[in-house]
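Chemist: data-v5.cif (mmCIF, C-alpha atoms) pasted underneath:
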data_final
#
loop_
_atom_site.label_atom_id
_atom_site.label_comp_id
_atom_site.auth_asym_id
_atom_site.auth_seq_id
_atom_site.Cartn_x
_atom_site.Cartn_y
_atom_site.Cartn_z
CA MET Q 641 -23.89 -7.41 -4.33
CA PRO Q 642 -21.64 -9.55 -2.12
CA LEU Q 643 -18.64 -9.00 -4.40
CA GLU Q 644 -18.88 -5.24 -4.12
CA LYS Q 645 -19.15 -5.57 -0.37
CA PHE Q 646 -16.03 -7.77 -0.36
CA ALA Q 647 -14.17 -5.19 -2.45
CA GLU Q 648 -15.36 -2.45 -0.09
CA ILE Q 649 -14.16 -4.36 3.00
CA ILE Q 650 -10.75 -5.12 1.47
CA LYS Q 651 -10.44 -1.50 0.40
CA ASN Q 652 -11.20 -0.34 3.93
CA ILE Q 653 -8.66 -2.75 5.40
CA SER Q 654 -6.05 -1.60 2.86
CA VAL Q 655 -6.63 2.03 3.76
CA TRP Q 656 -6.43 1.35 7.49
CA ILE Q 657 -3.60 -1.15 7.56
CA LEU Q 658 -0.85 1.32 6.65
CA PRO Q 659 -1.49 3.93 9.38
CA LEU Q 660 -2.34 1.17 11.88
CA LEU Q 661 0.95 -0.64 11.30
CA ILE Q 662 2.89 2.62 11.45
CA VAL Q 663 1.47 3.30 14.91
CA LEU Q 664 1.20 -0.25 16.27
CA ILE Q 665 4.77 -1.38 15.54
CA PRO Q 666 6.38 1.47 17.54
CA LEU Q 667 3.82 0.94 20.34
CA CYS Q 668 4.82 -2.72 20.55
CA ALA Q 669 8.47 -1.70 20.61
CA LEU Q 670 7.73 0.77 23.41
CA PHE Q 671 6.05 -2.01 25.37
CA LYS Q 672 9.22 -4.10 24.98
CA ARG Q 673 11.32 -1.11 26.15
CA ILE Q 674 13.32 -0.84 22.93
CA ALA Q 675 15.26 2.31 22.05
CA LEU Q 676 12.63 3.55 19.59
CA TYR Q 677 14.32 6.30 17.65
CA ASP Q 678 17.70 4.58 17.53
CA THR Q 679 16.28 1.31 16.24
CA PHE Q 680 14.10 2.99 13.62
CA ILE Q 681 17.01 5.04 12.29
CA LYS Q 682 19.23 1.96 12.17
CA GLY Q 683 16.71 0.21 9.94
CA ALA Q 684 15.80 3.25 7.87
CA ARG Q 685 19.44 3.90 7.06
CA GLU Q 686 19.49 0.65 5.07
CA GLY Q 687 16.81 2.10 2.78
CA VAL Q 688 19.27 4.55 1.28
CA GLY Q 689 21.75 1.80 0.47
CA VAL Q 690 19.08 -0.41 -1.07
CA GLY Q 691 17.77 2.42 -3.25
CA LEU Q 692 21.24 3.11 -4.62
CA ARG Q 693 22.18 -0.56 -4.93
CA ILE Q 694 19.26 -1.47 -7.21
CA ILE Q 695 20.02 1.31 -9.74
CA PRO Q 696 22.39 -0.72 -11.99
CA TYR Q 697 20.05 -3.73 -11.99
CA LEU Q 698 17.04 -1.62 -12.92
CA VAL Q 699 19.01 0.25 -15.58
CA ALA Q 700 20.01 -3.06 -17.19
CA ILE Q 701 16.49 -4.52 -17.22
CA LEU Q 702 14.51 -1.37 -18.05
CA VAL Q 703 16.83 -0.26 -20.87
CA ALA Q 704 16.62 -3.69 -22.55
CA VAL Q 705 12.82 -3.80 -22.21
CA GLY Q 706 12.50 -0.18 -23.33
CA MET Q 707 14.60 -0.71 -26.45
CA PHE Q 708 12.67 -3.88 -27.26
CA ARG Q 709 9.34 -2.06 -27.02
CA ALA Q 710 10.54 0.96 -29.02
CA SER Q 711 11.83 -1.21 -31.88
CA GLY Q 712 8.42 -2.64 -32.71
CA ALA Q 713 9.67 -6.18 -32.00
CA MET Q 714 6.62 -6.79 -29.84
CA GLU Q 715 4.24 -6.29 -32.78
CA LEU Q 716 6.42 -8.54 -34.91
CA LEU Q 717 6.30 -11.26 -32.28
CA ALA Q 718 2.53 -10.79 -31.95
CA ASN Q 719 2.02 -11.21 -35.71
CA PHE Q 720 4.25 -14.25 -35.70
CA LEU Q 721 2.45 -15.93 -32.79
CA ALA Q 722 -1.12 -14.93 -33.67
CA PRO Q 723 -2.05 -17.99 -35.81
CA VAL Q 724 -0.79 -20.39 -33.13
CA LEU Q 725 -2.54 -18.63 -30.29
CA ASN Q 726 -5.79 -18.33 -32.20
CA ILE Q 727 -6.09 -22.09 -31.90
CA ILE Q 728 -6.16 -21.93 -28.10
CA GLY Q 729 -8.64 -19.06 -28.22
CA MET Q 730 -6.51 -16.03 -27.51
CA PRO Q 731 -7.99 -12.96 -29.26
CA ALA Q 732 -5.41 -11.12 -31.39
CA ASP Q 733 -5.85 -7.87 -29.46
CA ILE Q 734 -4.98 -9.58 -26.17
CA LEU Q 735 -1.69 -11.02 -27.44
CA PRO Q 736 0.44 -7.87 -27.00
CA LEU Q 737 -0.75 -7.78 -23.39
CA ALA Q 738 0.29 -11.39 -22.80
CA ILE Q 739 3.72 -10.63 -24.25
CA ILE Q 740 4.34 -7.41 -22.35
CA LYS Q 741 3.02 -8.52 -18.98
CA PRO Q 742 6.16 -10.25 -17.63
CA LEU Q 743 8.29 -7.35 -18.94
CA SER Q 744 6.57 -4.13 -17.98
CA GLY Q 745 3.85 -3.41 -15.45
CA SER Q 746 3.07 0.09 -16.71
CA GLY Q 747 3.02 -1.24 -20.28
CA ALA Q 748 0.49 -3.92 -19.35
CA LEU Q 749 -1.75 -1.42 -17.57
CA GLY Q 750 -1.50 0.88 -20.62
CA ILE Q 751 -2.61 -1.85 -23.04
CA THR Q 752 -5.44 -2.85 -20.69
CA THR Q 753 -6.60 0.77 -20.65
CA GLU Q 754 -6.54 0.89 -24.46
CA ILE Q 755 -8.53 -2.34 -24.76
CA ALA Q 756 -11.07 -1.22 -22.13
CA ASN Q 757 -11.57 2.13 -23.87
CA GLN Q 758 -11.86 0.52 -27.28
CA TYR Q 759 -14.33 -2.25 -26.37
CA GLY Q 760 -16.05 -0.66 -23.35
CA GLY Q 761 -15.53 -1.28 -19.64
CA ASP Q 762 -18.08 -4.10 -19.35
CA SER Q 763 -17.02 -5.95 -22.53
CA TYR Q 764 -15.58 -9.45 -22.56
CA MET Q 765 -12.28 -8.16 -23.97
CA ALA Q 766 -11.88 -5.55 -21.24
CA ARG Q 767 -12.61 -8.08 -18.51
CA LEU Q 768 -10.25 -10.66 -20.00
CA ALA Q 769 -7.50 -8.02 -20.21
CA ALA Q 770 -8.19 -6.94 -16.62
CA VAL Q 771 -8.02 -10.49 -15.26
CA MET Q 772 -4.83 -11.15 -17.20
CA THR Q 773 -3.15 -7.98 -15.96
CA GLY Q 774 -4.24 -8.57 -12.37
CA SER Q 775 -3.30 -12.21 -12.17
CA SER Q 776 0.47 -11.81 -12.01
CA GLU Q 777 3.29 -9.43 -11.28
CA THR Q 778 5.98 -8.07 -13.60
CA THR Q 779 8.50 -10.90 -13.23
CA LEU Q 780 11.53 -9.08 -14.66
CA TYR Q 781 10.96 -6.03 -12.45
CA VAL Q 782 10.54 -8.17 -9.34
CA ILE Q 783 13.77 -10.01 -10.18
CA ALA Q 784 15.70 -6.77 -10.81
CA VAL Q 785 14.56 -5.13 -7.58
CA TYR Q 786 14.67 -8.09 -5.19
CA PHE Q 787 17.87 -9.71 -6.40
CA GLY Q 788 19.43 -6.30 -7.04
CA SER Q 789 18.84 -5.26 -3.44
CA VAL Q 790 21.19 -8.00 -2.19
CA GLY Q 791 23.61 -7.99 -5.13
CA ILE Q 792 22.66 -11.30 -6.73
CA THR Q 793 23.49 -11.60 -10.44
CA ASN Q 794 23.12 -15.34 -10.83
CA VAL Q 795 19.36 -15.89 -10.50
CA ARG Q 796 19.43 -19.65 -11.24
CA HIS Q 797 15.90 -20.97 -11.86
CA ALA Q 798 14.02 -17.90 -10.53
CA LEU Q 799 13.47 -16.40 -13.99
CA ALA Q 800 12.33 -19.68 -15.55
CA ALA Q 801 9.94 -20.37 -12.66
CA GLY Q 802 8.59 -16.80 -12.78
CA LEU Q 803 7.93 -17.06 -16.53
CA ILE Q 804 6.25 -20.46 -16.12
CA ALA Q 805 3.99 -18.87 -13.47
CA ASP Q 806 3.27 -16.03 -15.94
CA PHE Q 807 2.27 -18.50 -18.65
CA ALA Q 808 0.03 -20.27 -16.15
CA ALA Q 809 -1.57 -16.93 -15.27
CA ILE Q 810 -2.21 -16.13 -18.96
CA PHE Q 811 -3.80 -19.48 -19.75
CA ALA Q 812 -5.77 -19.55 -16.51
CA SER Q 813 -7.12 -16.05 -17.31
CA LEU Q 814 -8.19 -17.15 -20.79
CA PHE Q 815 -9.83 -20.31 -19.52
CA ILE Q 816 -11.59 -18.79 -16.51
CA SER Q 817 -12.75 -15.70 -18.42
CA ARG Q 818 -14.30 -17.83 -21.10
CA ILE Q 819 -16.29 -19.77 -18.52
CA VAL Q 820 -17.30 -16.86 -16.28
CA PHE Q 821 -17.95 -13.92 -18.64
CA MET P 935 20.40 -17.13 -18.03
CA LEU P 936 19.41 -13.55 -17.31
CA GLY P 937 22.47 -12.42 -19.28
CA TYR P 938 21.39 -14.25 -22.41
CA ILE P 939 17.82 -12.94 -22.24
CA TRP P 940 19.13 -9.44 -21.70
CA LEU P 941 21.35 -9.77 -24.77
CA PHE P 942 18.44 -11.19 -26.78
CA PHE P 943 16.30 -8.13 -26.03
CA ILE P 944 19.02 -5.69 -27.02
CA VAL P 945 20.11 -7.50 -30.20
CA THR P 946 16.49 -7.98 -31.32
CA ALA P 947 15.69 -4.34 -30.57
CA VAL P 948 18.55 -3.06 -32.72
CA ILE P 949 17.92 -5.44 -35.64
CA VAL P 950 14.13 -5.03 -35.70
CA GLY P 951 14.38 -1.31 -35.00
CA GLY P 952 16.80 -0.96 -37.91
CA ILE P 953 14.51 -2.84 -40.30
CA ASN P 954 11.43 -0.94 -39.12
CA GLY P 955 13.19 2.41 -39.49
CA ARG P 956 12.78 3.03 -35.79
CA ILE P 957 16.43 2.96 -34.83
CA ASP P 958 16.28 6.54 -33.56
CA GLN P 959 13.47 5.60 -31.15
CA VAL P 960 15.47 2.57 -30.01
CA GLY P 961 18.44 4.79 -29.19
CA GLN P 962 16.21 7.33 -27.46
CA ALA P 963 14.54 4.54 -25.44
CA ALA P 964 17.93 3.43 -24.10
CA ILE P 965 18.54 6.95 -22.77
CA ASP P 966 14.99 7.48 -21.48
CA TYR P 967 14.73 4.16 -19.70
CA SER P 968 18.11 4.49 -18.00
CA LYS P 969 16.83 7.78 -16.58
CA LEU P 970 13.55 6.13 -15.58
CA ALA P 971 15.45 3.36 -13.75
CA VAL P 972 17.24 5.94 -11.62
CA GLU P 973 14.02 7.85 -10.96
CA ILE P 974 12.28 4.68 -9.79
CA SER P 975 15.20 3.69 -7.56
CA ILE P 976 15.52 7.13 -5.98
CA SER P 977 11.76 7.43 -5.45
CA LEU P 978 11.85 4.09 -3.63
CA ILE P 979 14.38 5.35 -1.07
CA GLY P 980 11.86 7.25 1.08
CA ILE P 981 9.26 4.51 1.38
CA MET P 982 12.01 1.92 1.69
CA SER P 983 13.62 3.77 4.60
CA LEU P 984 10.27 4.15 6.35
CA TRP P 985 9.48 0.44 6.15
CA LEU P 986 12.96 -0.82 6.86
CA GLY P 987 12.92 1.40 9.98
CA LEU P 988 9.53 0.05 11.07
CA MET P 989 10.58 -3.52 10.31
CA LYS P 990 13.68 -3.08 12.48
CA LEU P 991 11.37 -2.05 15.34
CA ALA P 992 9.07 -5.00 14.59
CA GLU P 993 12.04 -7.33 14.62
CA ALA P 994 13.45 -5.96 17.88
CA SER P 995 10.07 -6.26 19.61
CA GLY P 996 9.65 -9.87 18.53
CA LEU P 997 6.70 -9.25 16.19
CA ILE P 998 8.40 -10.82 13.20
CA LEU P 999 9.33 -13.91 15.20
CA LEU P 1000 5.69 -14.20 16.24
CA VAL P 1001 4.55 -14.11 12.60
CA SER P 1002 7.23 -16.67 11.68
CA LYS P 1003 5.87 -19.06 14.29
CA LEU P 1004 2.28 -18.60 13.12
CA ILE P 1005 3.00 -19.63 9.53
CA LYS P 1006 5.51 -22.34 10.36
CA PRO P 1007 3.35 -25.26 9.11
CA LEU P 1008 3.24 -23.72 5.64
CA THR P 1009 6.74 -22.30 5.32
CA LYS P 1010 8.62 -25.41 6.40
CA ARG P 1011 7.31 -27.10 3.24
CA ILE P 1012 7.96 -24.25 0.81
CA PHE P 1013 11.27 -23.17 2.38
CA PRO P 1014 12.77 -26.36 3.83
CA GLU P 1015 16.31 -24.90 3.84
CA VAL P 1016 15.40 -22.01 6.11
CA PRO P 1017 15.14 -22.62 9.88
CA PRO P 1018 11.38 -22.38 10.61
CA GLU P 1019 11.69 -19.61 13.16
CA HIS P 1020 14.14 -17.51 11.18
CA PRO P 1021 13.09 -13.82 10.89
CA ALA P 1022 13.10 -14.20 7.08
CA MET P 1023 9.94 -16.30 7.38
CA GLY P 1024 8.15 -13.53 9.27
CA SER P 1025 9.15 -10.95 6.65
CA ILE P 1026 8.02 -13.25 3.84
CA ALA P 1027 4.61 -13.72 5.49
CA MET P 1028 4.23 -9.96 5.97
CA ASN P 1029 5.26 -9.32 2.35
CA ILE P 1030 2.64 -11.74 1.03
CA SER P 1031 -0.06 -10.24 3.28
CA ALA P 1032 0.82 -6.71 2.18
CA ASN P 1033 0.65 -7.78 -1.48
CA ALA P 1034 -2.67 -9.58 -0.95
CA LEU P 1035 -4.21 -6.48 0.65
CA GLY P 1036 -2.87 -4.28 -2.12
CA VAL P 1037 -0.53 -2.25 0.12
CA THR P 1038 2.20 -2.40 -2.55
CA ASN P 1039 4.05 0.53 -1.01
CA ALA P 1040 4.83 -1.61 2.01
CA ALA P 1041 5.14 -4.95 0.21
CA THR P 1042 8.30 -4.14 -1.76
CA PRO P 1043 10.39 -2.83 1.18
CA ILE P 1044 9.27 -5.75 3.36
CA GLY P 1045 10.12 -8.17 0.55
CA ILE P 1046 13.58 -6.62 0.30
CA LYS P 1047 13.99 -7.08 4.05
CA ALA P 1048 13.14 -10.76 3.52
CA MET P 1049 15.75 -11.01 0.76
CA LYS P 1050 18.40 -9.48 3.04
CA GLU P 1051 17.60 -12.07 5.71
CA LEU P 1052 17.71 -14.91 3.18
CA GLN P 1053 21.05 -13.55 1.95
CA LEU P 1054 22.48 -13.99 5.48
CA LEU P 1055 21.89 -17.73 5.08
CA ASN P 1056 23.51 -17.75 1.65
CA GLU P 1057 27.08 -19.01 1.34
CA ASN P 1058 27.53 -17.91 -2.24
CA LYS P 1059 26.62 -14.22 -2.19
CA ASN P 1060 26.12 -13.60 -5.90
CA THR P 1061 24.01 -16.72 -6.50
CA ALA P 1062 20.34 -17.13 -5.57
CA THR P 1063 19.42 -19.86 -3.07
CA ASN P 1064 16.45 -22.22 -3.47
CA ALA P 1065 14.57 -20.25 -0.83
CA MET P 1066 15.15 -16.98 -2.70
CA CYS P 1067 13.89 -18.48 -5.97
CA ALA P 1068 10.78 -19.82 -4.21
CA PHE P 1069 10.15 -16.40 -2.69
CA LEU P 1070 10.57 -14.74 -6.10
CA ALA P 1071 8.12 -17.20 -7.69
CA ILE P 1072 5.52 -16.40 -5.02
CA ASN P 1073 6.01 -12.69 -5.58
CA SER P 1074 5.89 -13.07 -9.33
CA ALA P 1075 2.39 -14.56 -9.03
CA GLY P 1076 1.51 -11.49 -6.94
CA LEU P 1077 -1.70 -12.72 -5.34
CA GLN P 1078 -3.87 -9.68 -4.68
CA LEU P 1079 -7.40 -9.81 -3.23
CA VAL P 1080 -8.67 -6.67 -4.96
CA PRO P 1081 -6.71 -5.38 -7.98
CA ALA P 1082 -7.64 -1.75 -7.33
CA SER P 1083 -5.71 -0.07 -10.16
CA ILE P 1084 -7.22 -2.39 -12.77
CA ILE P 1085 -10.73 -1.90 -11.43
CA GLY P 1086 -9.98 1.80 -11.74
CA VAL P 1087 -9.12 1.31 -15.44
CA LEU P 1088 -12.43 -0.49 -16.07
CA ILE P 1089 -14.39 2.24 -14.28
CA GLY P 1090 -12.54 4.81 -16.36
CA ALA P 1091 -13.77 2.99 -19.49
CA GLY P 1092 -17.37 3.25 -18.29
CA ALA P 1093 -17.80 -0.12 -16.57
CA LYS P 1094 -20.94 -0.40 -14.44
CA ASN P 1095 -19.95 -3.69 -12.92
CA PRO P 1096 -16.16 -3.75 -12.64
CA THR P 1097 -15.98 -5.92 -9.50
CA VAL P 1098 -16.92 -9.06 -11.47
CA ILE P 1099 -13.24 -9.46 -12.28
CA ILE P 1100 -12.24 -9.92 -8.62
CA LEU P 1101 -12.91 -13.63 -8.19
CA PRO P 1102 -11.60 -14.68 -11.63
CA THR P 1103 -8.43 -12.67 -10.96
CA ILE P 1104 -7.90 -14.29 -7.56
CA LEU P 1105 -8.47 -17.70 -9.12
CA ALA P 1106 -6.06 -17.11 -12.03
CA SER P 1107 -3.48 -15.65 -9.67
CA GLY P 1108 -3.88 -18.59 -7.29
CA ILE P 1109 -3.25 -21.00 -10.18
CA ALA P 1110 -0.14 -18.99 -11.14
CA LEU P 1111 1.02 -19.18 -7.53
CA ILE P 1112 0.64 -22.95 -7.31
CA VAL P 1113 2.26 -23.50 -10.73
CA GLY P 1114 5.10 -21.15 -9.74
CA ILE P 1115 5.82 -23.06 -6.52
CA ILE P 1116 5.70 -26.42 -8.31
CA ALA P 1117 8.00 -25.03 -11.04
CA VAL P 1118 10.52 -23.84 -8.46
CA LYS P 1119 10.52 -27.19 -6.70
CA VAL P 1120 11.01 -29.13 -9.93
CA LEU P 1121 13.57 -26.77 -11.50
CA GLU P 1122 15.79 -26.57 -8.41
CA LYS P 1123 16.48 -30.29 -8.77
CA LEU P 1124 17.56 -30.04 -12.42
CA PRO P 1125 21.33 -30.45 -12.94
CA VAL P 1126 21.68 -27.12 -14.83
CA PHE P 1127 20.27 -25.12 -11.95
CA ARG P 1128 21.95 -26.95 -9.11
CA MET P 1129 23.67 -24.71 -6.59
CA GLU P 1130 26.94 -26.69 -6.74
CA ASN P 1131 27.30 -25.86 -10.44
CA PHE P 1132 27.76 -22.23 -9.58
CA SER P 1133 29.65 -22.30 -6.30
CA GLU P 1134 32.91 -23.60 -7.74
CA LYS P 1135 33.02 -21.62 -10.94
CA GLY P 1136 32.33 -18.38 -9.15
CA GLU P 1137 30.97 -15.66 -11.38
CA GLU P 1138 29.33 -16.73 -14.61
CA PRO P 1139 31.10 -15.02 -17.51
CA CYS P 1140 27.87 -14.17 -19.30
CA LEU P 1141 25.98 -12.59 -16.43
#
Could you render the structure as structure tokens?
Modeler:
Amino acid sequence: MPLEKFAEIIKNISVWILPLLIVLIPLCALFKRIALYDTFIKGAREGVGVGLRIIPYLVAILVAVGMFRASGAMELLANFLAPVLNIIGMPADILPLAIIKPLSGSGALGITTEIANQYGGDSYMARLAAVMTGSSETTLYVIAVYFGSVGITNVRHALAAGLIADFAAIFASLFISRIVF
Amino acid sequence: MLGYIWLFFIVTAVIVGGINGRIDQVGQAAIDYSKLAVEISISLIGIMSLWLGLMKLAEASGLILLVSKLIKPLTKRIFPEVPPEHPAMGSIAMNISANALGVTNAATPIGIKAMKELQLLNENKNTATNAMCAFLAINSAGLQLVPASIIGVLIGAGAKNPTVIILPTILASGIALIVGIIAVKVLEKLPVFRMENFSEKGEEPCL
């Protein structure tokens, strides 16, 4: 199975890359005669500031998404959109996943788990859900954290572009899954 | 724009929650998720400090500059406003590699480092630059070679052959990446999103 081998190799690299970088970067710095401890601390200190700075941005985004999910608005939207999306071949059970994906990463993984358990791990539905979840990041979270870390509130076209990329990921997943699985 | 979407979520949540008889859950969610936001932020501090410390060492020893030079042919097209050998380019390349290899713990702090460097080139500190939006679009596609957590979900549901999703996922993600970059390039030229619109007005009242 070449694919399993590929997955195995990538997994091995992923496991090794973290410890390797942690040791190789300071070794390089030593070679360049840089004040190791001083420089590390100087950089690490910024981490505290970043962690605190993103709090208000994450509170704003997560509270809005959380309230939206708790209200049942997602199901309402899914019911409303279902007839339209049936035409392009999106199964009704996948729709909530497509809606939640740009909003909440843990939510998307949760729905994928439900679908996989309901239909079975090797089913078409489970694979479609898996491809859809894996094919893009949680746009709103990425925007909150990255822009929050430098204090940007006016995101210009970043949100629109991120959502367009999300739509592309959803349709590409549907299309590719139908051909491959 | 973010302000309007934010308002839309909250207004919809309260109206729909009220109709559905779930208004108590909506209120509870507001409290729970504000706590969750703080927990996530605080839990990021440790890993963020580790990587920002390491990245400072990498920067001082010239490693980041080296990476910037290596990917110059690609980045000068996607980020034309950024000087090709700027350290931001090296951080962006390392962020994308970390994401691709699934080392998400490192990818976020390195991405934040990239944002800080892009912010140094920004004249209007509360408004995103074209380069920042392009970087966000790339990250939003989140190209990952092996989506380990999702494969884990499939295995948990009894899959015998979960790795079949790898290539389709890479393909779909690659399409999202290309569409995202094209979208950024087209949208940045639209009058509504033009940088000059924001620089004079200062802070947008709705954001």
Chemist: Provide the atom CA of Q:Ile739 to atom CA of P:Ile1099 distance in Å, to one decimal place.
Modeler: 20.8 Å
Chemist: Report the distance between atom CA of P:Glu1122 and atom CA of P:Thr1063 in Å, rounded to one decimal place.
Modeler: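 Pair atom CA of P:Glu1122 / atom CA of P:Thr1063 returns 9.3 Å.
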Chemist: Report the residues retrieved by the PyMOL selection byres ((chain P and resi 959) around 12) from the displayed file, expressed as a PyMOL selection string.
Modeler: (chain Q and resi 706-712) or (chain P and resi 947-948+950-952+954-958+960-967)
Chemist: Please dump the current selection as a CSV table (one decimal), in the frame of the given file; keep C-alpha atoms.
Modeler:
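The result, stored in out-v3.csv:
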chain,number,residue,atom,x,y,z
Q,706,GLY,CA,12.5,-0.2,-23.3
Q,707,MET,CA,14.6,-0.7,-26.4
Q,708,PHE,CA,12.7,-3.9,-27.3
Q,709,ARG,CA,9.3,-2.1,-27.0
Q,710,ALA,CA,10.5,1.0,-29.0
Q,711,SER,CA,11.8,-1.2,-31.9
Q,712,GLY,CA,8.4,-2.6,-32.7
P,947,ALA,CA,15.7,-4.3,-30.6
P,948,VAL,CA,18.6,-3.1,-32.7
P,950,VAL,CA,14.1,-5.0,-35.7
P,951,GLY,CA,14.4,-1.3,-35.0
P,952,GLY,CA,16.8,-1.0,-37.9
P,954,ASN,CA,11.4,-0.9,-39.1
P,955,GLY,CA,13.2,2.4,-39.5
P,956,ARG,CA,12.8,3.0,-35.8
P,957,ILE,CA,16.4,3.0,-34.8
P,958,ASP,CA,16.3,6.5,-33.6
P,960,VAL,CA,15.5,2.6,-30.0
P,961,GLY,CA,18.4,4.8,-29.2
P,962,GLN,CA,16.2,7.3,-27.5
P,963,ALA,CA,14.5,4.5,-25.4
P,964,ALA,CA,17.9,3.4,-24.1
P,965,ILE,CA,18.5,7.0,-22.8
P,966,ASP,CA,15.0,7.5,-21.5
P,967,TYR,CA,14.7,4.2,-19.7
Chemist: Please provide the set of residues having any atom within 9 Å of stretch 974-986 of chain P, restricted to only C-alpha atoms, with same-chain residues fewer than 4 positions apart removed, written as a JSON list (two decimals) with C-alpha atoms, in the coordinates of the input.
Modeler:
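Wrote it out as result.json, contents follow:
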[["chain", "number", "residue", "atom", "x", "y", "z"],
["Q", 662, "ILE", "CA", 2.89, 2.62, 11.45],
["Q", 680, "PHE", "CA", 14.10, 2.99, 13.62],
["Q", 681, "ILE", "CA", 17.01, 5.04, 12.29],
["Q", 682, "LYS", "CA", 19.23, 1.96, 12.17],
["Q", 683, "GLY", "CA", 16.71, 0.21, 9.94],
["Q", 684, "ALA", "CA", 15.80, 3.25, 7.87],
["Q", 685, "ARG", "CA", 19.44, 3.90, 7.06],
["Q", 686, "GLU", "CA", 19.49, 0.65, 5.07],
["Q", 687, "GLY", "CA", 16.81, 2.10, 2.78],
["Q", 688, "VAL", "CA", 19.27, 4.55, 1.28],
["Q", 689, "GLY", "CA", 21.75, 1.80, 0.47],
["Q", 690, "VAL", "CA", 19.08, -0.41, -1.07],
["Q", 691, "GLY", "CA", 17.77, 2.42, -3.25],
["Q", 692, "LEU", "CA", 21.24, 3.11, -4.62],
["Q", 693, "ARG", "CA", 22.18, -0.56, -4.93],
["Q", 694, "ILE", "CA", 19.26, -1.47, -7.21],
["Q", 695, "ILE", "CA", 20.02, 1.31, -9.74],
["Q", 698, "LEU", "CA", 17.04, -1.62, -12.92],
["Q", 785, "VAL", "CA", 14.56, -5.13, -7.58],
["P", 969, "LYS", "CA", 16.83, 7.78, -16.58],
["P", 970, "LEU", "CA", 13.55, 6.13, -15.58],
["P", 990, "LYS", "CA", 13.68, -3.08, 12.48],
["P", 991, "LEU", "CA", 11.37, -2.05, 15.34],
["P", 1039, "ASN", "CA", 4.05, 0.53, -1.01],
["P", 1040, "ALA", "CA", 4.83, -1.61, 2.01],
["P", 1042, "THR", "CA", 8.30, -4.14, -1.76],
["P", 1043, "PRO", "CA", 10.39, -2.83, 1.18],
["P", 1044, "ILE", "CA", 9.27, -5.75, 3.36],
["P", 1046, "ILE", "CA", 13.58, -6.62, 0.30],
["P", 1047, "LYS", "CA", 13.99, -7.08, 4.05]]
Chemist: For the structure provided, state which residues fall under the PyMOL selection byres ((chain P and resi 1078) around 12), and present them as an NGL selection string.
Modeler: (:Q and (647 or 650-651 or 654 or 771 or 773-777)) or (:P and (1029-1038 or 1041 or 1072-1077 or 1079-1084 or 1100-1108 or 1110-1111))
Chemist: List the spatial neighbours of P:Arg1128 as a list in words - criterion: any atom at most 12 Å away, only C-alpha atoms, same-chain residues fewer than 3 positions off excluded.
Modeler: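 The neighbour list is Asn794, Val795, Arg796 and His797 of chain Q; Thr1061, Ala1062, Thr1063, Asn1064, Val1118, Lys1119, Val1120, Leu1121, Glu1122, Lys1123, Leu1124, Pro1125, Asn1131, Phe1132, Ser1133 and Glu1134 of chain P.
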Chemist: Select, from P:Gly987, P:Gly1090, P:Gly937, P:Pro1021, the residue with the minimum atom-to-atom distance to chain Q, counting all atoms listed in the file.
Modeler: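 Of the candidates, the smallest distance to chain Q is held by P:Gly987.
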Chemist: Would you mind completing stretch 730-740 of chain Q to N, CA and C atoms and writing the output as a PDB file, in the coordinates of the input?
Modeler:
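That gives us out_11.pdb:
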ATOM      1  N   MET Q 730      -6.942 -17.349 -27.967  1.00  0.00           N
ATOM      2  CA  MET Q 730      -6.510 -16.030 -27.510  1.00  0.00           C
ATOM      3  C   MET Q 730      -6.821 -14.992 -28.584  1.00  0.00           C
ATOM      4  N   PRO Q 731      -7.678 -13.998 -28.271  1.00  0.00           N
ATOM      5  CA  PRO Q 731      -7.990 -12.960 -29.260  1.00  0.00           C
ATOM      6  C   PRO Q 731      -6.723 -12.184 -29.632  1.00  0.00           C
ATOM      7  N   ALA Q 732      -6.620 -11.772 -30.901  1.00  0.00           N
ATOM      8  CA  ALA Q 732      -5.410 -11.120 -31.390  1.00  0.00           C
ATOM      9  C   ALA Q 732      -5.080  -9.849 -30.609  1.00  0.00           C
ATOM     10  N   ASP Q 733      -6.112  -9.122 -30.173  1.00  0.00           N
ATOM     11  CA  ASP Q 733      -5.850  -7.870 -29.460  1.00  0.00           C
ATOM     12  C   ASP Q 733      -5.281  -8.087 -28.054  1.00  0.00           C
ATOM     13  N   ILE Q 734      -5.465  -9.286 -27.516  1.00  0.00           N
ATOM     14  CA  ILE Q 734      -4.980  -9.580 -26.170  1.00  0.00           C
ATOM     15  C   ILE Q 734      -3.500  -9.980 -26.195  1.00  0.00           C
ATOM     16  N   LEU Q 735      -3.057 -10.476 -27.343  1.00  0.00           N
ATOM     17  CA  LEU Q 735      -1.690 -11.020 -27.440  1.00  0.00           C
ATOM     18  C   LEU Q 735      -0.596 -10.064 -26.998  1.00  0.00           C
ATOM     19  N   PRO Q 736      -0.611  -8.793 -27.461  1.00  0.00           N
ATOM     20  CA  PRO Q 736       0.440  -7.870 -27.000  1.00  0.00           C
ATOM     21  C   PRO Q 736       0.482  -7.769 -25.473  1.00  0.00           C
ATOM     22  N   LEU Q 737      -0.681  -7.843 -24.853  1.00  0.00           N
ATOM     23  CA  LEU Q 737      -0.750  -7.780 -23.390  1.00  0.00           C
ATOM     24  C   LEU Q 737      -0.047  -8.982 -22.765  1.00  0.00           C
ATOM     25  N   ALA Q 738      -0.337 -10.172 -23.328  1.00  0.00           N
ATOM     26  CA  ALA Q 738       0.290 -11.390 -22.800  1.00  0.00           C
ATOM     27  C   ALA Q 738       1.800 -11.330 -22.935  1.00  0.00           C
ATOM     28  N   ILE Q 739       2.276 -10.709 -24.029  1.00  0.00           N
ATOM     29  CA  ILE Q 739       3.720 -10.630 -24.250  1.00  0.00           C
ATOM     30  C   ILE Q 739       4.369  -9.617 -23.302  1.00  0.00           C
ATOM     31  N   ILE Q 740       3.701  -8.488 -23.110  1.00  0.00           N
ATOM     32  CA  ILE Q 740       4.340  -7.410 -22.350  1.00  0.00           C
ATOM     33  C   ILE Q 740       4.264  -7.615 -20.840  1.00  0.00           C
TER      34      ILE Q 740
END
